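Student: work-v9.cif is reproduced below (mmCIF, C-alpha atoms).
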```cif
data_final
#
loop_
_atom_site.label_atom_id
_atom_site.label_comp_id
_atom_site.auth_asym_id
_atom_site.auth_seq_id
_atom_site.Cartn_x
_atom_site.Cartn_y
_atom_site.Cartn_z
CA MET A 91 -23.22 0.95 3.32
CA ALA A 92 -23.54 -1.37 6.31
CA GLU A 93 -21.30 -3.91 4.57
CA ILE A 94 -18.53 -1.35 4.04
CA GLU A 95 -18.84 -0.28 7.67
CA ASN A 96 -18.34 -3.91 8.70
CA ILE A 97 -15.26 -4.24 6.50
CA LEU A 98 -13.75 -1.02 7.86
CA SER A 99 -14.55 -2.12 11.39
CA ARG A 100 -12.67 -5.36 10.83
CA ILE A 101 -9.71 -3.47 9.39
CA GLU A 102 -9.66 -1.22 12.45
CA GLU A 103 -9.82 -4.27 14.70
CA GLY A 104 -6.95 -5.84 12.78
CA ILE A 105 -4.86 -2.69 13.10
CA ALA A 106 -5.53 -2.57 16.84
CA ALA A 107 -4.45 -6.21 17.20
CA ALA A 108 -1.29 -5.54 15.19
CA ARG A 109 -0.45 -2.53 17.36
CA GLU A 110 -0.78 -4.72 20.43
CA VAL A 111 1.67 -7.25 19.01
CA PHE A 112 4.12 -4.52 18.00
CA SER A 113 4.00 -3.04 21.50
CA HIS A 114 5.85 -6.07 22.84
CA TYR A 115 8.87 -5.54 20.59
CA GLN A 116 11.49 -2.85 20.17
CA PRO A 117 12.23 -1.90 16.55
CA GLY A 118 15.94 -2.13 15.92
CA ASP A 119 16.38 -4.76 18.65
CA VAL A 120 14.64 -7.84 17.24
CA ALA A 121 16.20 -11.13 16.17
CA VAL A 122 16.13 -11.60 12.42
CA ARG A 123 16.55 -14.49 10.00
CA PHE A 124 16.34 -14.60 6.22
CA LYS A 125 13.75 -16.38 4.06
CA GLN A 126 15.94 -16.29 0.96
CA GLY A 127 18.80 -14.07 -0.09
CA ASP A 128 18.65 -10.89 1.97
CA ASP A 129 14.86 -10.97 2.56
CA PRO A 130 14.50 -10.60 6.35
CA ILE A 131 11.78 -11.99 8.61
CA THR A 132 11.23 -11.76 12.36
CA GLU A 133 8.91 -13.42 14.85
CA VAL A 134 6.92 -10.18 14.78
CA ASP A 135 5.94 -10.77 11.14
CA ASN A 136 4.51 -14.16 12.02
CA ALA A 137 2.80 -13.00 15.22
CA VAL A 138 0.97 -10.18 13.44
CA ASP A 139 0.04 -12.53 10.59
CA GLU A 140 -1.60 -14.92 13.06
CA ALA A 141 -3.46 -12.09 14.78
CA LEU A 142 -4.84 -10.80 11.46
CA ARG A 143 -5.90 -14.26 10.29
CA ASN A 144 -7.91 -14.66 13.50
CA ILE A 145 -9.77 -11.38 12.94
CA LEU A 146 -10.22 -10.55 9.27
CA PRO A 147 -11.49 -13.40 7.07
CA ARG A 148 -15.01 -14.80 7.34
CA PRO A 149 -16.20 -18.09 5.81
CA GLY A 150 -16.07 -17.84 2.03
CA GLU A 151 -13.49 -15.05 2.01
CA GLY A 152 -10.00 -15.64 0.62
CA TRP A 153 -6.66 -14.90 2.25
CA LEU A 154 -3.31 -13.83 0.81
CA SER A 155 -0.48 -12.79 3.10
CA GLU A 156 3.27 -12.54 2.72
CA GLU A 157 3.68 -14.73 5.79
CA THR A 158 1.07 -17.44 5.05
CA ALA A 159 1.68 -20.26 2.59
CA ASP A 160 -0.42 -19.42 -0.45
CA THR A 161 -3.06 -21.79 -1.85
CA THR A 162 -5.26 -21.65 -4.93
CA ASP A 163 -8.42 -21.62 -2.78
CA ARG A 164 -8.48 -17.81 -2.79
CA LEU A 165 -8.86 -17.73 -6.60
CA ALA A 166 -12.43 -19.02 -6.30
CA CYS A 167 -13.37 -16.30 -3.79
CA GLU A 168 -15.15 -13.08 -4.71
CA ASP A 169 -13.84 -11.35 -1.58
CA VAL A 170 -10.19 -11.66 -0.55
CA TRP A 171 -8.08 -10.13 2.20
CA ILE A 172 -4.56 -9.27 1.03
CA VAL A 173 -2.24 -8.27 3.84
CA ASP A 174 1.36 -7.64 4.73
CA PRO A 175 1.68 -8.07 8.50
CA LEU A 176 4.88 -6.02 8.56
CA ASP A 177 5.70 -4.15 5.38
CA GLY A 178 9.19 -2.74 5.70
CA THR A 179 10.74 -5.49 7.82
CA ARG A 180 14.20 -4.30 6.79
CA GLU A 181 13.46 -0.85 8.23
CA PHE A 182 11.87 -2.37 11.34
CA VAL A 183 14.99 -4.42 11.99
CA SER A 184 17.18 -1.37 11.44
CA GLY A 185 15.10 0.87 13.68
CA ILE A 186 14.05 3.17 10.80
CA PRO A 187 10.44 4.34 11.41
CA GLU A 188 9.24 3.62 7.87
CA TRP A 189 7.25 0.41 8.25
CA CYS A 190 3.61 -0.47 8.80
CA VAL A 191 0.90 -3.10 8.96
CA SER A 192 -0.98 -3.20 5.65
CA ILE A 193 -4.54 -4.58 5.28
CA GLY A 194 -6.37 -4.62 1.96
CA PHE A 195 -9.84 -5.90 1.03
CA ILE A 196 -10.38 -6.96 -2.59
CA ARG A 197 -13.61 -7.78 -4.43
CA ASN A 198 -13.50 -9.45 -7.83
CA GLY A 199 -9.91 -8.33 -8.26
CA THR A 200 -10.62 -4.69 -7.43
CA PRO A 201 -9.34 -2.97 -4.27
CA ILE A 202 -12.32 -1.87 -2.19
CA ALA A 203 -10.96 -0.87 1.22
CA GLY A 204 -7.69 -0.64 3.08
CA GLY A 205 -5.90 0.42 6.18
CA ILE A 206 -2.29 0.97 7.16
CA CYS A 207 -0.77 1.91 10.49
CA ASN A 208 2.74 3.02 11.42
CA PRO A 209 2.82 2.70 15.22
CA VAL A 210 6.12 4.57 15.56
CA THR A 211 4.95 7.74 13.83
CA GLY A 212 1.38 7.37 15.08
CA GLN A 213 -0.08 7.47 11.57
CA THR A 214 -3.20 5.47 10.70
CA ILE A 215 -4.91 5.77 7.32
CA LEU A 216 -8.23 4.03 6.73
CA GLY A 217 -10.66 4.19 3.84
CA ALA A 218 -12.91 2.63 1.23
CA ILE A 219 -13.97 3.38 -2.34
CA GLY A 220 -16.82 5.87 -2.33
CA ARG A 221 -16.26 6.69 1.33
CA GLY A 222 -12.97 8.58 1.20
CA ILE A 223 -10.23 8.16 3.78
CA THR A 224 -9.45 9.23 7.31
CA TYR A 225 -5.99 10.21 8.45
CA ASN A 226 -5.64 9.71 12.19
CA GLY A 227 -9.42 9.86 12.47
CA LYS A 228 -9.90 13.04 10.42
CA PRO A 229 -10.93 13.32 6.75
CA GLY A 230 -7.92 13.13 4.43
CA GLN A 231 -7.25 13.58 0.74
CA THR A 232 -4.48 13.51 -1.83
CA GLY A 233 -2.41 16.60 -2.63
CA SER A 234 -3.53 19.31 -5.03
CA LEU A 235 -0.47 19.84 -7.24
CA ASP A 236 -1.11 19.79 -10.99
CA SER A 237 2.56 20.15 -11.97
CA LEU A 238 5.67 18.16 -11.17
CA ILE A 239 7.60 21.31 -10.26
CA GLY A 240 8.49 20.77 -6.62
CA ALA A 241 6.48 17.55 -6.37
CA ARG A 242 7.49 15.38 -3.41
CA VAL A 243 7.99 11.82 -4.66
CA THR A 244 8.81 9.01 -2.24
CA ALA A 245 11.22 6.38 -3.55
CA SER A 246 12.28 2.97 -2.32
CA ARG A 247 15.43 3.20 -0.22
CA SER A 248 16.67 -0.01 -1.84
CA GLU A 249 16.01 1.29 -5.36
CA VAL A 250 17.77 4.58 -4.60
CA ARG A 251 20.73 2.69 -3.17
CA ARG A 252 20.94 0.55 -6.31
CA GLY A 253 21.00 3.67 -8.49
CA GLU A 254 17.58 3.11 -10.07
CA TRP A 255 16.54 6.70 -9.31
CA ASP A 256 19.75 8.35 -10.55
CA ARG A 257 18.01 9.37 -13.78
CA PHE A 258 15.63 11.59 -11.83
CA GLU A 259 18.40 13.67 -10.25
CA GLY A 260 18.36 17.28 -11.38
CA THR A 261 14.73 17.10 -12.54
CA SER A 262 11.82 19.13 -11.20
CA ILE A 263 10.81 16.59 -8.55
CA GLU A 264 12.07 16.16 -4.99
CA VAL A 265 12.99 12.52 -4.42
CA ILE A 266 12.50 11.35 -0.83
CA PRO A 267 13.92 7.90 0.06
CA CYS A 268 11.50 5.92 2.21
CA GLY A 269 11.04 2.33 3.33
CA SER A 270 7.75 0.41 3.16
CA VAL A 271 5.91 0.70 -0.15
CA ALA A 272 2.57 0.41 1.67
CA TYR A 273 3.60 3.33 3.88
CA LYS A 274 4.58 5.37 0.81
CA LEU A 275 1.18 4.73 -0.76
CA GLY A 276 -0.51 5.81 2.45
CA LEU A 277 1.43 9.06 2.36
CA VAL A 278 0.15 9.72 -1.16
CA ALA A 279 -3.42 9.00 -0.09
CA CYS A 280 -3.33 11.49 2.78
CA GLY A 281 -1.39 14.17 0.89
CA GLU A 282 1.87 13.93 2.83
CA CYS A 283 3.61 13.35 -0.52
CA ASP A 284 2.46 13.86 -4.10
CA ALA A 285 3.43 10.62 -5.82
CA THR A 286 5.33 7.38 -5.51
CA TRP A 287 6.31 4.75 -8.01
CA THR A 288 8.28 1.58 -8.38
CA LEU A 289 9.18 0.28 -11.82
CA VAL A 290 10.39 -3.08 -10.52
CA PRO A 291 8.16 -6.03 -9.56
CA LYS A 292 6.22 -5.96 -6.29
CA ASN A 293 3.91 -8.54 -4.78
CA GLU A 294 0.20 -7.94 -4.34
CA TRP A 295 0.51 -7.90 -0.56
CA ASP A 296 2.99 -5.03 -0.79
CA VAL A 297 0.49 -2.65 -2.37
CA ALA A 298 -3.13 -3.88 -2.03
CA ALA A 299 -4.06 -1.74 0.96
CA GLY A 300 -2.21 1.32 -0.30
CA VAL A 301 -3.80 1.13 -3.74
CA ALA A 302 -7.26 0.97 -2.14
CA LEU A 303 -6.44 4.03 -0.02
CA VAL A 304 -5.10 6.13 -2.90
CA LEU A 305 -8.18 5.34 -5.02
CA ALA A 306 -10.50 5.96 -2.06
CA ALA A 307 -8.87 9.37 -1.62
CA GLY A 308 -9.56 10.19 -5.29
CA GLY A 309 -6.01 9.63 -6.51
CA ALA A 310 -4.74 7.62 -9.47
CA VAL A 311 -3.00 4.24 -9.57
CA TYR A 312 -1.75 2.40 -12.63
CA SER A 313 0.80 -0.17 -13.74
CA LYS A 314 3.97 0.82 -15.57
CA GLU A 315 2.11 -0.26 -18.72
CA GLY A 316 -0.55 2.38 -17.98
CA THR A 317 -3.28 -0.12 -17.11
CA PRO A 318 -5.36 -0.82 -13.99
CA ILE A 319 -3.83 -3.08 -11.36
CA GLN A 320 -5.83 -6.24 -10.74
CA PHE A 321 -5.48 -8.36 -7.61
CA ASN A 322 -6.02 -11.96 -6.52
CA ARG A 323 -4.27 -13.40 -9.56
CA PRO A 324 -2.54 -16.78 -9.70
CA ASP A 325 0.81 -14.99 -10.05
CA THR A 326 0.96 -12.40 -7.28
CA LEU A 327 3.97 -10.53 -8.71
CA LEU A 328 3.09 -7.16 -10.26
CA SER A 329 5.31 -5.54 -12.89
CA GLY A 330 5.42 -2.19 -11.11
CA MET A 331 3.12 0.58 -9.91
CA ILE A 332 2.61 4.35 -10.05
CA ALA A 333 0.40 6.23 -7.58
CA THR A 334 -0.32 9.95 -7.68
CA SER A 335 -2.84 12.59 -6.78
CA ARG A 336 -5.54 12.93 -9.44
CA ASP A 337 -4.10 15.96 -11.23
CA LEU A 338 -0.58 14.51 -11.41
CA ALA A 339 -1.59 11.29 -13.14
CA ILE A 340 -0.92 12.52 -16.68
CA PRO A 341 2.16 14.65 -15.82
CA VAL A 342 3.77 11.68 -14.08
CA ALA A 343 2.90 9.33 -16.94
CA ASP A 344 4.48 11.76 -19.39
CA PHE A 345 7.51 12.15 -17.10
CA LEU A 346 8.00 8.38 -17.02
CA GLY A 347 7.27 7.88 -20.70
CA ILE A 348 4.08 5.89 -20.19
CA SER A 349 2.21 6.86 -23.33
CA SER A 350 -0.49 4.18 -23.03
CA LEU A 351 -2.15 5.56 -19.89
CA ARG A 352 -5.94 5.22 -20.07
CA LEU A 353 -7.49 7.59 -17.55
CA VAL A 354 -10.99 6.83 -18.78
CA SER A 355 -11.06 3.82 -16.46
CA ASP A 356 -12.52 4.13 -12.97
CA ALA A 357 -9.94 1.56 -11.92
CA LEU A 358 -7.18 4.09 -12.65
CA VAL A 359 -8.63 7.20 -11.05
CA GLY A 360 -10.67 7.09 -7.86
CA GLN A 361 -14.17 8.46 -7.58
CA ALA A 362 -14.91 11.47 -5.41
CA PRO A 363 -15.98 10.27 -1.95
CA THR A 364 -19.69 10.06 -1.30
CA LYS A 365 -20.85 12.93 0.86
#
```
Written as structure tokens, how would this file's structure read?

Tutor:
Amino acid sequence: MAEIENILSRIEEGIAAAREVFSHYQPGDVAVRFKQGDDPITEVDNAVDEALRNILPRPGEGWLSEETADTTDRLACEDVWIVDPLDGTREFVSGIPEWCVSIGFIRNGTPIAGGICNPVTGQTILGAIGRGITYNGKPGQTGSLDSLIGARVTASRSEVRRGEWDRFEGTSIEVIPCGSVAYKLGLVACGECDATWTLVPKNEWDVAAGVALVLAAGGAVYSKEGTPIQFNRPDTLLSGMIATSRDLAIPVADFLGISSLRLVSDALVGQAPTK
């Protein structure tokens, strides 16, 4: 218990440091350059990355961040921090309030704890497996729908723009375009939406914190193959990801045609928080 408290305390400290960095910049009015193709980066990404590296890892703990050159050292570590200093840089640059700092803690490949914060909307979601989550300091949980009729599903703005969600038009779900994937996962964890998925590759740092939060809140997370998502792998690119409230796990899998879903695994469906 004390160990989890220490991990959550460090996540909170990291979020506070990130908020301080963000306070010195104006979203929508920040110089931007491109790493490759149309993948944007700003000095804010790097400044938050440095702040988190100075706070989170302890000796013997690994580190994986979108803005830090990766090494194989982390693969030998039992405990690894996987972070995205600014998930949703494209939205940040455009002044769209759908971005966040994303901090995940992984043990032996399994997400244990996480925290995300969107300073613009004032939303902070923090939690750990077996402990549940807090949403702006109060207990939170996933939604209670057990049917996809009227389910609110957040979708990548980029994927919607490319037409990848056209096949879901006219179905029973309400598709809500949104930016940061970490932010979307946080919204599932706290019940602000019912599900989110991406069927295109994402990096571990995009989803580590959000996956931990959804599982901590008792929700379900699985790959598009219907299997648990493992972290701290040599290849950080994931094939895709689905996250839902507990009771929507099977309906969503059926909706997407994922017949191999194995809900018997604790890695797919979170445990009820310890009282």

Student: I'd like the residues picked by the PyMOL selection byres ((chain A and resi 291) around 6) written out as number ranges by chain, using the chain letters and numbers from the file.

Tutor: A: 290, 292, 328-330

Student: I want to know what sits within 12 Å of A:Asp163, based on only C-alpha atoms, with residues of the same chain fewer than 2 positions away left out; could you give that as a compact mmCIF listing (two decimals) with C-alpha atoms, in the coordinates of the input?

Tutor:
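around-v1.txt, written as the output of this step:
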```txt
# COMPACT_ATOMS: atom_id res chain seq x y z
CA GLY A 150 -16.07 -17.84 2.03
CA GLU A 151 -13.49 -15.05 2.01
CA GLY A 152 -10.00 -15.64 0.62
CA TRP A 153 -6.66 -14.90 2.25
CA LEU A 154 -3.31 -13.83 0.81
CA ALA A 159 1.68 -20.26 2.59
CA ASP A 160 -0.42 -19.42 -0.45
CA THR A 161 -3.06 -21.79 -1.85
CA LEU A 165 -8.86 -17.73 -6.60
CA ALA A 166 -12.43 -19.02 -6.30
CA CYS A 167 -13.37 -16.30 -3.79
CA GLU A 168 -15.15 -13.08 -4.71
CA ASP A 169 -13.84 -11.35 -1.58
CA VAL A 170 -10.19 -11.66 -0.55
CA ASN A 322 -6.02 -11.96 -6.52
CA ARG A 323 -4.27 -13.40 -9.56
CA PRO A 324 -2.54 -16.78 -9.70
```

Student: Would you be able to write out as a VMD selection string which residues have an atom within 9 Å of (1.4, 6.2, -0.3) in the file's coordinates, counting all atoms listed in the file?

Tutor: chain A and resid 244 271 to 286 300 to 301 303 to 304 333 to 334

Student: Go through A:Ser237, A:Gly194, A:Glu315, A:Arg143 one by one, measure the shortest atom-to-atom distance of each to A:Gly347 using all atoms listed in the file, and give the residue with the smallest value.

Tutor: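 Comparing A:Ser237, A:Gly194, A:Glu315, A:Arg143 against A:Gly347, the winner is A:Glu315.
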
Student: Once 8 Å is added on each side, what are the centre and the three edge lengths, in Å to one decimal, of the axis-aligned box enclosing the listed atoms of stretch 261-265 of chain A? Present them as lines of an AutoDock Vina configuration file.

Tutor:
```
center_x = 12.8
center_y = 15.8
center_z = -8.5
size_x = 19.9
size_y = 22.6
size_z = 24.1
```

Student: Do you know which residues are at most 9 Å from stretch 177-181 of chain A counting only C-alpha atoms, after dropping those on the same chain fewer than 4 positions away, and could you put them as a PDB file with C-alpha atoms, keeping the file's coordinate frame?

Tutor:
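Okay, result-v4.pdb is ready:
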```pdb
ATOM      1  CA  PRO A 117      12.230  -1.900  16.550  1.00  0.00           C
ATOM      2  CA  GLY A 118      15.940  -2.130  15.920  1.00  0.00           C
ATOM      3  CA  ASP A 129      14.860 -10.970   2.560  1.00  0.00           C
ATOM      4  CA  PRO A 130      14.500 -10.600   6.350  1.00  0.00           C
ATOM      5  CA  ILE A 131      11.780 -11.990   8.610  1.00  0.00           C
ATOM      6  CA  THR A 132      11.230 -11.760  12.360  1.00  0.00           C
ATOM      7  CA  ASP A 135       5.940 -10.770  11.140  1.00  0.00           C
ATOM      8  CA  GLY A 185      15.100   0.870  13.680  1.00  0.00           C
ATOM      9  CA  ILE A 186      14.050   3.170  10.800  1.00  0.00           C
ATOM     10  CA  PRO A 187      10.440   4.340  11.410  1.00  0.00           C
ATOM     11  CA  GLU A 188       9.240   3.620   7.870  1.00  0.00           C
ATOM     12  CA  TRP A 189       7.250   0.410   8.250  1.00  0.00           C
ATOM     13  CA  CYS A 190       3.610  -0.470   8.800  1.00  0.00           C
ATOM     14  CA  VAL A 191       0.900  -3.100   8.960  1.00  0.00           C
ATOM     15  CA  SER A 192      -0.980  -3.200   5.650  1.00  0.00           C
ATOM     16  CA  GLY A 269      11.040   2.330   3.330  1.00  0.00           C
ATOM     17  CA  SER A 270       7.750   0.410   3.160  1.00  0.00           C
ATOM     18  CA  VAL A 271       5.910   0.700  -0.150  1.00  0.00           C
ATOM     19  CA  ALA A 272       2.570   0.410   1.670  1.00  0.00           C
ATOM     20  CA  TYR A 273       3.600   3.330   3.880  1.00  0.00           C
ATOM     21  CA  TRP A 295       0.510  -7.900  -0.560  1.00  0.00           C
ATOM     22  CA  ASP A 296       2.990  -5.030  -0.790  1.00  0.00           C
TER      23      ASP A 296
END
```

Student: For A:Glu156, which residue out of A:Ser248, A:Ser262, A:Thr232, A:Asn136 is the nearest one, using all atoms listed in the file?

Tutor: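 For A:Glu156, the nearest of the given residues is A:Asn136.
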
Student: Pick out the closest residue to A:Pro267 from this set: A:Glu249, A:Asp337, A:Glu157, A:Asp139. Count all atoms listed in the file.

Tutor: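 The shortest atom-to-atom distance to A:Pro267 comes from A:Glu249.
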
Student: Just to confirm, what's the straight-line distance from atom CA of A:Val173 to atom CA of A:Ile145 in Å (one decimal)?

Tutor: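 Result for atom CA of A:Val173 versus atom CA of A:Ile145: 12.2 Å, one decimal.
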
Student: Taking only C-alpha atoms into account, which of A:Asn293, A:Thr288, A:Thr214, A:Ser234 comes nearest A:Ser313?

Tutor: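 Of A:Asn293, A:Thr288, A:Thr214, A:Ser234, the one nearest A:Ser313, counting only C-alpha atoms, is A:Thr288.
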
Student: List the spatial neighbours of A:Asp256 as a PyMOL selection string - criterion: any atom at most 12 Å away, only C-alpha atoms, same-chain residues fewer than 6 positions off excluded.

Tutor: chain A and resi 245+249-250+265

Student: Take the residues from that selection and write them out as a short mmCIF file (atom, residue, chain, number, x, y, z; two decimals), in the coordinates of the input, keeping C-alpha atoms.

Tutor:
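And here's part.cif as it stands now:
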```cif
data_model
loop_
_atom_site.label_atom_id
_atom_site.label_comp_id
_atom_site.auth_asym_id
_atom_site.auth_seq_id
_atom_site.Cartn_x
_atom_site.Cartn_y
_atom_site.Cartn_z
CA ALA A 245 11.22 6.38 -3.55
CA GLU A 249 16.01 1.29 -5.36
CA VAL A 250 17.77 4.58 -4.60
CA VAL A 265 12.99 12.52 -4.42
#
```

Student: Within 12 Å of (-2.1, -13.7, 16.2) in the file's own coordinates, which protein, DNA or RNA residues have an atom, counting all atoms listed in the file? List them as an MDAnalysis selection string.

Tutor: chainID A and resid 104:112 133:146 157 175

Student: Using only C-alpha atoms for the distances, tell me which of A:Ser335, A:Ser349, A:Ser155, A:Thr224 is nearest to A:Leu98.

Tutor: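 Residue with the minimum atom-to-atom distance to A:Leu98: A:Thr224.
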
Student: Can you pull out the residues contacting A:Ala218? Cut-off 9 Å, using only C-alpha atoms, and skip same-chain residues under 5 positions away; I want them as a ChimeraX atom specification.

Tutor: /A:94,97-98,201-205,223,302-303,305-307,363

Student: Hey, which of A:Thr317, A:Asp119, A:Ile266, A:Glu95 ends up closest to A:Arg221? Count all atoms listed in the file.

Tutor: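 For A:Arg221, the nearest of the candidates is A:Glu95.
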
Student: Please provide the set of residues having any atom within 10 Å of A:Phe258, restricted to only C-alpha atoms, with same-chain residues fewer than 5 positions apart removed, written as an NGL selection string.

Tutor: :A and (263-265 or 345-346)

Student: Quick one: distance from atom CA of A:Pro318 to atom CA of A:Arg336 in Å, one decimal?

Tutor: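 Separation of atom CA of A:Pro318 and atom CA of A:Arg336: 14.5 Å.
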